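What follows is input.txt (compact mmCIF, C-alpha atoms).
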# COMPACT_ATOMS: atom_id res chain seq x y z
CA GLN A 192 -13.45 -8.55 -1.40
CA SER A 193 -10.87 -11.25 -2.17
CA GLN A 194 -9.02 -8.83 -4.37
CA LYS A 195 -8.79 -6.50 -1.45
CA ALA A 196 -7.37 -9.25 0.73
CA ASP A 197 -4.74 -10.07 -1.88
CA LYS A 198 -3.64 -6.51 -1.92
CA ARG A 199 -3.14 -6.42 1.79
CA GLU A 200 -1.30 -9.68 2.03
CA LYS A 201 1.20 -8.84 -0.64
CA PRO A 202 4.62 -8.96 1.02
CA LEU A 203 6.62 -5.77 1.21
CA THR A 204 9.48 -5.68 -1.25
CA LYS A 205 10.27 -2.04 -1.81
CA VAL A 206 13.14 -0.95 0.37
CA VAL A 207 14.62 2.46 0.99
CA ILE A 208 18.24 3.03 1.95
CA ARG A 209 18.36 6.39 3.71
CA ARG A 210 20.99 8.72 5.11
CA LEU A 211 23.55 8.06 2.41
CA PRO A 212 26.30 10.54 1.50
CA PRO A 213 24.43 13.33 -0.33
CA THR A 214 26.46 13.27 -3.52
CA ILE A 215 27.04 9.54 -3.90
CA ASN A 216 26.47 8.43 -7.48
CA LYS A 217 24.59 5.48 -8.77
CA GLU A 218 27.62 3.48 -9.92
CA THR A 219 29.53 3.94 -6.68
CA PHE A 220 26.51 3.00 -4.65
CA LEU A 221 25.65 -0.09 -6.65
CA ASN A 222 29.29 -1.17 -6.53
CA GLN A 223 29.36 -0.86 -2.78
CA ILE A 224 26.27 -2.94 -2.24
CA SER A 225 27.09 -5.56 -4.88
CA PRO A 226 26.25 -8.29 -5.36
CA VAL A 227 22.66 -7.10 -5.17
CA PRO A 228 19.92 -9.74 -5.19
CA PRO A 229 17.63 -9.58 -8.23
CA TYR A 230 15.58 -6.40 -8.33
CA ASP A 231 13.19 -4.85 -10.84
CA TYR A 232 13.24 -1.23 -9.79
CA PHE A 233 15.99 1.04 -8.61
CA TYR A 234 16.55 4.72 -8.29
CA LEU A 235 18.78 7.04 -6.35
CA VAL A 236 17.99 10.58 -5.21
CA ASN A 237 20.84 12.86 -4.28
CA GLY A 238 20.62 15.05 -1.23
CA GLU A 239 19.28 18.56 -1.42
CA ALA A 240 22.21 20.95 -1.02
CA ALA A 241 19.99 23.50 0.72
CA LEU A 242 19.63 21.21 3.73
CA GLY A 243 23.33 21.49 4.59
CA GLU A 244 24.37 18.95 7.15
CA ASN A 245 20.91 17.40 7.08
CA SER A 246 21.22 16.56 3.45
CA PHE A 247 21.29 12.87 2.57
CA ALA A 248 20.94 10.76 -0.52
CA ARG A 249 18.52 7.87 -0.55
CA ALA A 250 17.98 4.91 -2.83
CA TYR A 251 14.95 2.76 -3.50
CA ILE A 252 15.13 -0.87 -4.55
CA ASN A 253 12.28 -3.20 -5.26
CA PHE A 254 13.44 -6.77 -4.78
CA VAL A 255 11.99 -9.59 -6.79
CA SER A 256 11.95 -11.94 -3.84
CA PRO A 257 10.68 -10.81 -0.43
CA ASN A 258 13.22 -13.15 1.18
CA ASP A 259 16.12 -11.10 -0.08
CA VAL A 260 14.89 -8.10 1.85
CA PHE A 261 15.94 -9.46 5.22
CA ASP A 262 19.47 -10.43 4.23
CA PHE A 263 19.89 -7.07 2.61
CA LYS A 264 18.74 -5.23 5.70
CA GLU A 265 20.96 -7.41 7.85
CA LYS A 266 23.91 -6.47 5.72
CA PHE A 267 23.38 -2.78 5.09
CA ASP A 268 21.31 -1.35 7.93
CA ASN A 269 23.84 0.75 9.83
CA TYR A 270 26.47 0.04 7.20
CA VAL A 271 28.84 2.99 7.04
CA PHE A 272 29.24 4.65 3.64
CA LEU A 273 32.00 7.21 3.07
CA ASP A 274 31.81 10.33 0.96
CA HIS A 275 34.81 11.57 -1.01
CA LYS A 276 36.02 13.61 1.96
CA GLY A 277 35.99 10.60 4.22
CA ASN A 278 32.90 11.60 6.24
CA GLU A 279 30.98 8.67 7.60
CA TYR A 280 27.30 8.06 6.92
CA ALA A 281 25.55 5.22 8.66
CA ALA A 282 22.80 4.10 6.33
CA VAL A 283 19.31 3.18 7.44
CA VAL A 284 17.56 0.37 5.59
CA GLU A 285 13.82 0.01 5.94
CA PHE A 286 10.67 -0.85 4.04
CA ALA A 287 9.62 2.10 1.94
CA ALA A 288 6.54 3.72 3.44
CA PHE A 289 5.07 3.88 -0.03
CA GLN A 290 5.25 0.45 -1.62
CA LYS A 291 3.95 1.35 -5.04
CA ILE A 292 6.27 1.20 -8.02
CA PRO A 293 5.49 2.37 -11.53
CA LYS A 294 3.96 -0.32 -13.70
CA LYS A 295 6.22 -1.71 -16.32
CA ARG A 296 4.87 -1.36 -19.78
CA ASN A 297 6.05 -3.39 -22.71
CA LYS A 298 5.91 -0.38 -24.91
CA VAL A 299 7.20 2.89 -23.66
CA ARG A 300 4.31 5.23 -24.10
CA VAL A 301 5.32 8.43 -25.77
CA ASP A 302 3.60 11.53 -24.57
CA PRO A 303 2.09 13.15 -27.68
CA LYS A 304 2.36 16.52 -25.89
CA MET B 229 16.45 25.35 -17.56
CA HIS B 230 16.30 24.92 -13.79
CA GLN B 231 15.29 28.51 -13.47
CA PHE B 232 12.48 27.99 -15.94
CA ILE B 233 11.16 24.96 -14.09
CA ARG B 234 11.26 26.83 -10.80
CA LYS B 235 9.51 29.86 -12.24
CA VAL B 236 6.74 27.84 -13.83
CA LEU B 237 6.06 25.77 -10.74
CA TYR B 238 6.70 28.20 -7.92
CA GLN B 239 5.67 31.55 -9.37
CA ASP B 240 3.27 31.01 -12.22
CA LEU B 241 1.24 28.07 -10.98
CA GLN B 242 -2.24 29.07 -9.82
CA LYS B 243 -5.71 27.67 -9.69
CA ASN B 244 -6.68 29.02 -13.11
CA ASN B 245 -3.65 28.00 -15.16
CA ILE B 246 -2.99 24.42 -14.11
CA ASP B 247 -3.78 23.10 -17.60
CA LYS B 248 -1.42 25.54 -19.21
CA ILE B 249 1.41 24.78 -16.80
CA MET B 250 0.75 21.09 -17.24
CA ARG B 251 1.32 21.41 -20.98
CA LEU B 252 4.62 23.15 -20.31
CA VAL B 253 5.73 20.54 -17.82
CA ARG B 254 4.79 17.75 -20.20
CA LYS B 255 6.94 19.38 -22.87
CA LEU B 256 10.05 19.16 -20.74
CA ASN B 257 12.63 16.70 -21.93
CA TRP B 258 11.88 13.87 -19.53
CA ASN B 259 14.52 11.69 -21.16
CA ASP B 260 17.19 14.02 -19.90
CA GLU B 261 18.13 12.56 -16.53
CA ASP B 262 19.10 15.89 -15.03
CA VAL B 263 15.92 17.67 -16.11
CA ALA B 264 13.76 14.80 -14.89
CA ALA B 265 15.49 14.62 -11.50
CA TYR B 266 15.31 18.37 -11.02
CA THR B 267 11.65 18.57 -11.95
CA ILE B 268 10.83 15.74 -9.57
CA LYS B 269 12.71 17.56 -6.83
CA CYS B 270 10.74 20.73 -7.53
CA LEU B 271 7.45 18.86 -7.60
CA THR B 272 8.38 17.35 -4.23
CA ASN B 273 9.31 20.59 -2.50
CA ALA B 274 5.84 21.88 -1.83
CA HIS B 275 7.15 24.37 0.74
CA ASN B 276 8.38 26.53 -2.14
CA VAL B 277 4.83 27.01 -3.32
CA LYS B 278 2.45 29.45 -1.67
CA TYR B 279 0.51 27.56 0.96
CA TYR B 280 -2.88 27.90 -0.71
CA ASN B 281 -1.36 26.79 -4.02
CA ILE B 282 -0.14 23.47 -2.64
CA ARG B 283 -3.41 21.97 -3.77
CA CYS B 284 -2.64 23.11 -7.32
CA LEU B 285 0.72 21.36 -7.22
CA ALA B 286 -1.02 18.13 -6.18
CA ASN B 287 -3.56 18.63 -8.94
CA LEU B 288 -0.80 19.19 -11.49
CA LEU B 289 1.05 16.08 -10.38
CA ALA B 290 -2.10 13.97 -10.51
CA GLY B 291 -2.60 15.03 -14.11
CA LEU B 292 1.02 14.51 -15.00
CA VAL B 293 1.16 10.86 -13.94
CA ALA B 294 -1.05 9.95 -16.88
CA TYR B 295 1.94 10.79 -19.05
CA GLN B 296 4.94 10.31 -16.77
CA GLU B 297 3.87 7.61 -14.40
CA GLU B 298 7.01 7.16 -12.39
CA VAL B 299 7.11 10.82 -11.45
CA GLY B 300 4.13 10.21 -9.19
CA THR B 301 5.68 7.49 -7.06
CA LYS B 302 9.00 9.32 -6.85
CA VAL B 303 7.36 12.49 -5.60
CA VAL B 304 5.35 10.57 -3.02
CA ASP B 305 8.52 8.78 -1.87
CA GLY B 306 10.15 12.17 -1.55
CA VAL B 307 7.33 13.75 0.41
CA LEU B 308 7.16 10.85 2.87
CA GLU B 309 10.93 10.99 3.32
CA ASP B 310 10.77 14.70 4.01
CA ILE B 311 8.09 14.25 6.65
CA ARG B 312 10.14 11.51 8.28
CA LEU B 313 13.41 13.42 8.13
CA GLY B 314 11.63 16.41 9.63
CA MET B 315 10.73 14.28 12.65
CA GLU B 316 14.30 13.00 12.95
CA ILE B 317 15.95 16.40 12.72
CA ASN B 318 13.24 18.23 14.64
CA LEU B 319 14.56 21.76 14.24
CA PRO B 320 12.22 24.77 14.42
CA LYS B 321 13.73 26.28 11.29
CA TYR B 322 12.11 23.52 9.25
CA ASN B 323 8.67 23.94 10.80
CA GLN B 324 7.16 25.83 7.89
CA ARG B 325 8.53 23.26 5.50
CA ARG B 326 7.09 20.45 7.57
CA VAL B 327 3.64 22.02 7.64
CA ALA B 328 3.77 22.41 3.87
CA GLN B 329 4.83 18.81 3.31
CA VAL B 330 2.12 17.40 5.53
CA LYS B 331 -0.44 19.59 3.81
CA TYR B 332 0.89 18.35 0.47
CA LEU B 333 0.50 14.73 1.53
CA GLY B 334 -3.11 15.43 2.43
CA GLU B 335 -3.73 16.99 -0.95
CA LEU B 336 -2.00 14.08 -2.67
CA TYR B 337 -4.52 11.86 -0.95
CA ASN B 338 -7.36 14.05 -2.16
CA TYR B 339 -6.07 13.66 -5.69
CA ARG B 340 -5.76 9.90 -5.19
CA MET B 341 -2.00 9.73 -5.50
CA VAL B 342 -1.72 7.87 -2.19
CA GLU B 343 -4.09 5.52 -0.44
CA SER B 344 -5.70 5.94 2.94
CA ALA B 345 -3.33 3.32 4.40
CA ASP B 346 -0.39 5.53 3.48
CA VAL B 347 -1.97 8.53 5.14
CA PHE B 348 -2.69 6.55 8.29
CA LYS B 349 0.92 5.42 8.43
CA VAL B 350 1.88 9.07 8.66
CA PHE B 351 -0.93 9.82 11.10
CA TYR B 352 0.34 7.17 13.48
CA SER B 353 3.99 7.99 12.98
CA LEU B 354 3.23 11.58 14.01
CA ILE B 355 2.07 10.43 17.42
CA THR B 356 4.42 7.49 17.92
CA PHE B 357 7.72 7.95 16.10
CA GLY B 358 10.37 8.60 18.73
CA VAL B 359 7.62 9.43 21.21
CA SER B 360 8.05 8.58 24.84
CA LEU B 361 4.91 8.44 26.92
CA ASP B 362 6.96 8.12 30.07
CA PRO B 363 7.63 11.49 31.74
CA TYR B 364 10.94 10.18 33.06
CA VAL B 365 12.25 9.22 29.67
CA THR B 366 12.81 12.22 27.45
CA SER B 367 13.04 11.53 23.77
CA PRO B 368 15.15 13.92 21.74
CA LEU B 369 12.84 13.44 18.77
CA ASP B 370 9.76 14.62 20.59
CA PRO B 371 10.70 16.34 23.86
CA PRO B 372 7.87 16.90 26.35
CA ASN B 373 7.67 20.62 25.65
CA HIS B 374 7.35 20.20 21.89
CA LEU B 375 3.82 20.53 20.58
CA PHE B 376 4.58 20.75 16.93
CA ARG B 377 3.38 17.23 16.14
CA VAL B 378 -0.08 18.15 17.37
CA ARG B 379 -0.12 21.00 14.93
CA LEU B 380 1.04 18.81 12.05
CA THR B 381 -1.63 16.25 12.82
CA CYS B 382 -4.27 18.97 12.77
CA VAL B 383 -3.04 20.18 9.39
CA LEU B 384 -3.31 16.70 7.95
CA LEU B 385 -6.73 16.09 9.50
CA GLU B 386 -7.93 19.41 8.21
CA THR B 387 -6.70 18.71 4.70
CA CYS B 388 -8.07 15.26 4.08
CA GLY B 389 -9.88 14.10 7.22
CA THR B 390 -13.31 14.79 5.79
CA TYR B 391 -12.81 12.03 3.26
CA PHE B 392 -12.49 9.39 5.95
CA SER B 393 -16.20 9.45 6.46
CA SER B 394 -17.43 6.04 5.44
CA GLY B 395 -16.62 2.35 5.63
CA SER B 396 -13.35 1.12 7.02
CA SER B 397 -11.58 4.44 6.72
CA LYS B 398 -14.23 6.05 8.93
CA LYS B 399 -13.60 3.40 11.55
CA ARG B 400 -9.86 3.83 11.22
CA LEU B 401 -10.15 7.53 11.77
CA ASP B 402 -12.35 7.00 14.81
CA TYR B 403 -9.73 4.76 16.34
CA TYR B 404 -7.02 7.17 15.41
CA LEU B 405 -8.76 10.11 17.03
CA THR B 406 -8.77 8.18 20.28
CA PHE B 407 -5.03 7.53 20.09
CA LEU B 408 -4.51 11.13 19.12
CA GLN B 409 -6.44 12.39 22.13
CA ASP B 410 -4.31 10.16 24.31
CA TYR B 411 -1.19 11.78 22.89
CA TYR B 412 -2.71 15.23 23.16
CA TRP B 413 -3.73 14.82 26.78
CA TYR B 414 -0.37 13.40 27.64
CA LYS B 415 1.25 16.58 26.32
CA LYS B 416 -1.37 18.67 28.00
CA SER B 417 -0.79 17.00 31.34
CA LEU B 418 2.90 17.87 31.09
CA TRP B 419 2.19 21.48 30.23
CA GLY B 420 -0.60 22.01 32.71
CA GLU B 421 -1.92 25.56 32.78
CA ALA B 422 0.78 26.78 30.44
CA PHE B 423 -0.63 24.85 27.48
CA PRO B 424 -1.15 27.34 24.63
CA PRO B 425 -4.87 28.15 24.27
CA THR B 426 -4.54 28.68 20.50
CA LEU B 427 -3.38 25.13 20.00
CA GLU B 428 -6.10 23.79 22.25
CA HIS B 429 -8.60 25.67 20.15
CA ILE B 430 -7.15 24.40 16.86
CA PHE B 431 -7.14 20.86 18.17
CA LYS B 432 -10.76 20.90 19.35
CA GLU B 433 -11.94 22.73 16.28
CA THR B 434 -10.26 20.22 13.96
CA ILE B 435 -11.80 17.21 15.67
CA MET B 436 -15.22 18.77 16.08
CA THR B 437 -15.33 19.63 12.38
CA LEU B 438 -14.71 15.99 11.50
CA ARG B 439 -16.83 14.36 14.20
CA PRO B 440 -19.35 16.88 15.53
CA LYS B 441 -21.00 14.26 17.72
CA LEU B 442 -17.84 12.89 19.27
CA LYS B 443 -17.63 13.21 23.01
CA MET B 444 -14.09 14.35 23.51
CA CYS B 445 -11.96 13.15 26.38
CA GLN B 446 -11.64 15.64 29.21
CA SER B 447 -8.54 14.31 30.89
CA TYR B 448 -5.47 12.18 30.33
CA GLU B 449 -6.97 9.39 32.44
CA GLU B 450 -10.10 9.34 30.35
CA ALA B 451 -8.10 9.25 27.11
CA GLN B 452 -5.97 6.41 28.43
CA LYS B 453 -9.07 4.48 29.34
CA GLU B 454 -10.49 4.92 25.86
CA VAL B 455 -7.27 3.63 24.33
CA GLU B 456 -7.35 0.67 26.67
CA ASN B 457 -10.93 -0.04 25.58
CA ILE B 458 -9.85 -0.14 21.96
CA ARG B 459 -6.99 -2.46 22.79
CA ILE B 460 -9.35 -4.81 24.58
CA ALA B 461 -11.96 -4.62 21.84
CA LEU B 462 -9.35 -5.49 19.24
CA GLY B 463 -7.74 -8.16 21.37
CA VAL B 464 -4.34 -6.56 21.33
CA GLU B 465 -4.16 -5.63 24.99
CA ASN B 466 -1.28 -8.01 25.61
CA ILE B 467 1.02 -6.31 23.19
CA GLY B 468 3.38 -3.68 24.56
CA HIS B 469 2.52 -0.03 24.57
CA GLU B 470 5.05 0.80 21.92
CA ALA B 471 4.60 2.13 18.44
CA LYS B 472 4.20 -1.43 17.27
CA THR B 473 0.92 -1.75 19.06
CA ASP B 474 -0.53 0.97 16.95
CA GLU B 475 0.58 -0.70 13.79
CA ASP B 476 -0.83 -3.99 14.92
CA GLY B 477 -3.97 -2.21 15.98
CA LEU B 478 -4.10 -0.71 12.55
CA ASP B 479 -3.94 -4.07 10.86
CA THR B 480 -6.75 -5.33 12.99
CA ILE B 481 -8.84 -2.31 12.24
CA ALA B 482 -8.37 -2.97 8.55
CA GLU B 483 -9.99 -6.38 8.85
Could you express the structure from this file as structure tokens?
Amino acid sequence: QSQKADKREKPLTKVVIRRLPPTINKETFLNQISPVPPYDYFYLVNGEAALGENSFARAYINFVSPNDVFDFKEKFDNYVFLDHKGNEYAAVVEFAAFQKIPKKRNKVRVDPK
Amino acid sequence: MHQFIRKVLYQDLQKNNIDKIMRLVRKLNWNDEDVAAYTIKCLTNAHNVKYYNIRCLANLLAGLVAYQEEVGTKVVDGVLEDIRLGMEINLPKYNQRRVAQVKYLGELYNYRMVESADVFKVFYSLITFGVSLDPYVTSPLDPPNHLFRVRLTCVLLETCGTYFSSGSSKKRLDYYLTFLQDYYWYKKSLWGEAFPPTLEHIFKETIMTLRPKLKMCQSYEEAQKEVENIRIALGVENIGHEAKTDEDGLDTIAE
């Protein structure tokens, strides 16, 4: 029972930055949002070309401290990112609907296949 | 390489060869960033799989996470994003895709890739996100004449609703069905006689399959009253009638 309660009360730390330019790359993105508060998980997904004008990149960051989430949102929600052609993309920052992140293992397990 | 991944997942995958395909997918070079990203994208895009094979894709993924753990969370992130983006764009040309993604989410729940709380988040977002329950305020995200969200909700209920049959998740579903009927009757009151009978049938059928004994609301007023009763019972009646209420209501239900 108490374990269950712990689980629920855990603060949300995984954030998604949505509606980014579809082809933005990791370095450019991280540069634009630097300095980033300490985080332990990050990945970027490029937009699906098939979606045309509805194609957006998105990035996930898991912050170490829940307090950093609010400043980050304050700073980058609605922040306008530019693609290489100069098109504007107003980003949306919110808690990720799915808060789980992969467990970190000390040893990288190799799939024996 | 991309072609191979697509063929294996979208053409070959069937109920009887999941193990075989799994071995192939495990053999991919997951250290290659491009291959990994592309495979994750393909595993996310359930609409490219035949509808009745979506379950197999979920099954495959559930097996794969034992070896490639982070693939699981990335695919779930992707599916949830797709469902959300579908609501934001709200174009009929994506309807098939949206049905497939919602179905996929349900199957991912059945294979224990997501928890019931995650599913309920989507359940509630389907009837609240960008929804206006005021006939004078038209929301572009869910215009009064759009009924597609009802259909999506039915798909999700149909796929995994039977598993919300005990304990707190049973209670949560009971509450949800009340909110859902409120939404349904609101739409129905706007449509009046013109409301499509097929959808009415699907809606009733879906709920009756899950809760055969439930006495369904017969009018918008009745549904509203039921919702009000829940709000009072949970002590959240003072909170506004916005989406937030539902989330707060949800938290209370979880207690």
Select, from A:Ile224, A:Val260, A:Leu211, A:Val236, the residue with the minimum atom-to-atom distance to chain B, counting only C-alpha atoms.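 Of all the options, A:Val236 lies closest to chain B.
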Here is a test: counting all atoms listed in the file, which residue of B:Asn281, B:Asn273, B:Asn259, B:Thr267 is nearest to Gln242 of chain B?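 When distances to Gln242 of chain B are compared using all atoms listed in the file, the smallest one comes from B:Asn281.
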Pull out every residue of chain B sitting within 10 Å of chain A, counting all atoms listed in the file, and send them as a VMD selection string. chain B and resid 250 to 256 258 265 268 to 269 293 to 302 304 to 306 308 to 309 312 to 314 316 to 317 322 342 to 343 345 to 347 349 to 350 479 482 to 483
Shortest interatomic distance to Tyr279 of chain B - which of B:Ile430, B:Val327, B:Val365, B:Ala461, counting all atoms listed in the file: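 Answer, going by the shortest atom-to-atom distance: B:Val327.
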Find the residues near Ala286 of chain B: any atom within 12 Å, counting only C-alpha atoms, skip ones fewer than 4 places away on the same chain, and give them as a PyMOL selection string. chain B and resi 237+241-243+246+250+271-274+277+279-282+290-293+300+303-304+307+328-329+331-342
Taking C-alpha atoms for each residue, export the selection above as a short mmCIF file (atom, residue, chain, number, x, y, z; two decimals), in the coordinates of the input.
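File written: part04.cif
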data_model
loop_
_atom_site.label_atom_id
_atom_site.label_comp_id
_atom_site.auth_asym_id
_atom_site.auth_seq_id
_atom_site.Cartn_x
_atom_site.Cartn_y
_atom_site.Cartn_z
CA LEU B 237 6.06 25.77 -10.74
CA LEU B 241 1.24 28.07 -10.98
CA GLN B 242 -2.24 29.07 -9.82
CA LYS B 243 -5.71 27.67 -9.69
CA ILE B 246 -2.99 24.42 -14.11
CA MET B 250 0.75 21.09 -17.24
CA LEU B 271 7.45 18.86 -7.60
CA THR B 272 8.38 17.35 -4.23
CA ASN B 273 9.31 20.59 -2.50
CA ALA B 274 5.84 21.88 -1.83
CA VAL B 277 4.83 27.01 -3.32
CA TYR B 279 0.51 27.56 0.96
CA TYR B 280 -2.88 27.90 -0.71
CA ASN B 281 -1.36 26.79 -4.02
CA ILE B 282 -0.14 23.47 -2.64
CA ALA B 290 -2.10 13.97 -10.51
CA GLY B 291 -2.60 15.03 -14.11
CA LEU B 292 1.02 14.51 -15.00
CA VAL B 293 1.16 10.86 -13.94
CA GLY B 300 4.13 10.21 -9.19
CA VAL B 303 7.36 12.49 -5.60
CA VAL B 304 5.35 10.57 -3.02
CA VAL B 307 7.33 13.75 0.41
CA ALA B 328 3.77 22.41 3.87
CA GLN B 329 4.83 18.81 3.31
CA LYS B 331 -0.44 19.59 3.81
CA TYR B 332 0.89 18.35 0.47
CA LEU B 333 0.50 14.73 1.53
CA GLY B 334 -3.11 15.43 2.43
CA GLU B 335 -3.73 16.99 -0.95
CA LEU B 336 -2.00 14.08 -2.67
CA TYR B 337 -4.52 11.86 -0.95
CA ASN B 338 -7.36 14.05 -2.16
CA TYR B 339 -6.07 13.66 -5.69
CA ARG B 340 -5.76 9.90 -5.19
CA MET B 341 -2.00 9.73 -5.50
CA VAL B 342 -1.72 7.87 -2.19
#
Atomic distance atom CA of Phe272 of chain A - atom CA of Ser225 of chain A, expressed in Å with one decimal: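 Spanning atom CA of Phe272 of chain A to atom CA of Ser225 of chain A is a straight-line distance of 13.5 Å.
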Could you please determine the separation between atom CA of Thr406 of chain B and atom CA of Lys441 of chain B in Å, to one decimal place? 13.9 Å
Calculated over all atoms listed in the file, which of the candidates B:Trp419, B:Phe232, B:Phe357, B:Tyr391 has the smallest distance to Asp370 of chain B?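 Comparing B:Trp419, B:Phe232, B:Phe357, B:Tyr391 against Asp370 of chain B, the winner is B:Phe357.
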Using all atoms listed in the file, list the residues that have an atom at most 6 Å from (17.9, -2.7, -4.7), coordinates as in the file, as a PDB file with C-alpha atoms, in the frame of the given file.
ATOM      1  CA  TYR A 230      15.580  -6.400  -8.330  1.00  0.00           C
ATOM      2  CA  PHE A 233      15.990   1.040  -8.610  1.00  0.00           C
ATOM      3  CA  ILE A 252      15.130  -0.870  -4.550  1.00  0.00           C
ATOM      4  CA  ASN A 253      12.280  -3.200  -5.260  1.00  0.00           C
TER       5      ASN A 253
END
If I put a ball of radius 12 Å at (17.3, 25.9, -13.2) in the file's coordinates, which residues poke into it when counting only C-alpha atoms, written as a PyMOL selection string? chain B and resi 229-237+262-267+269-270
Find the distance between atom CA of Val227 of chain A and atom CA of Asp310 of chain B and write it in Å to one decimal.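 So the answer is 26.5 Å.
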Which polymer residues have any atom within 12 Å of an atom of Lys276 of chain A, counting only C-alpha atoms, with same-chain residues fewer than 5 positions away left out, as a PyMOL selection string? chain A and resi 212-215
Tell me which protein, DNA and RNA residues are within 9 Å of Thr434 of chain B, counting only C-alpha atoms, leaving out same-chain ones fewer than 2 positions away, and put them as a VMD selection string. chain B and resid 382 to 383 385 to 386 429 to 432 436 to 439
Given all atoms listed in the file as the counted atoms, nearest of B:Cys284, B:Leu405, B:Ile311, B:Ala422 to Ile458 of chain B: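 Nearest to Ile458 of chain B: B:Leu405.
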For Ser353 of chain B, which of B:Phe392, B:Phe423, B:Phe407, B:Trp413 is the closest residue, counting only C-alpha atoms?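 Looking at the shortest contact to Ser353 of chain B, the residue is B:Phe407.
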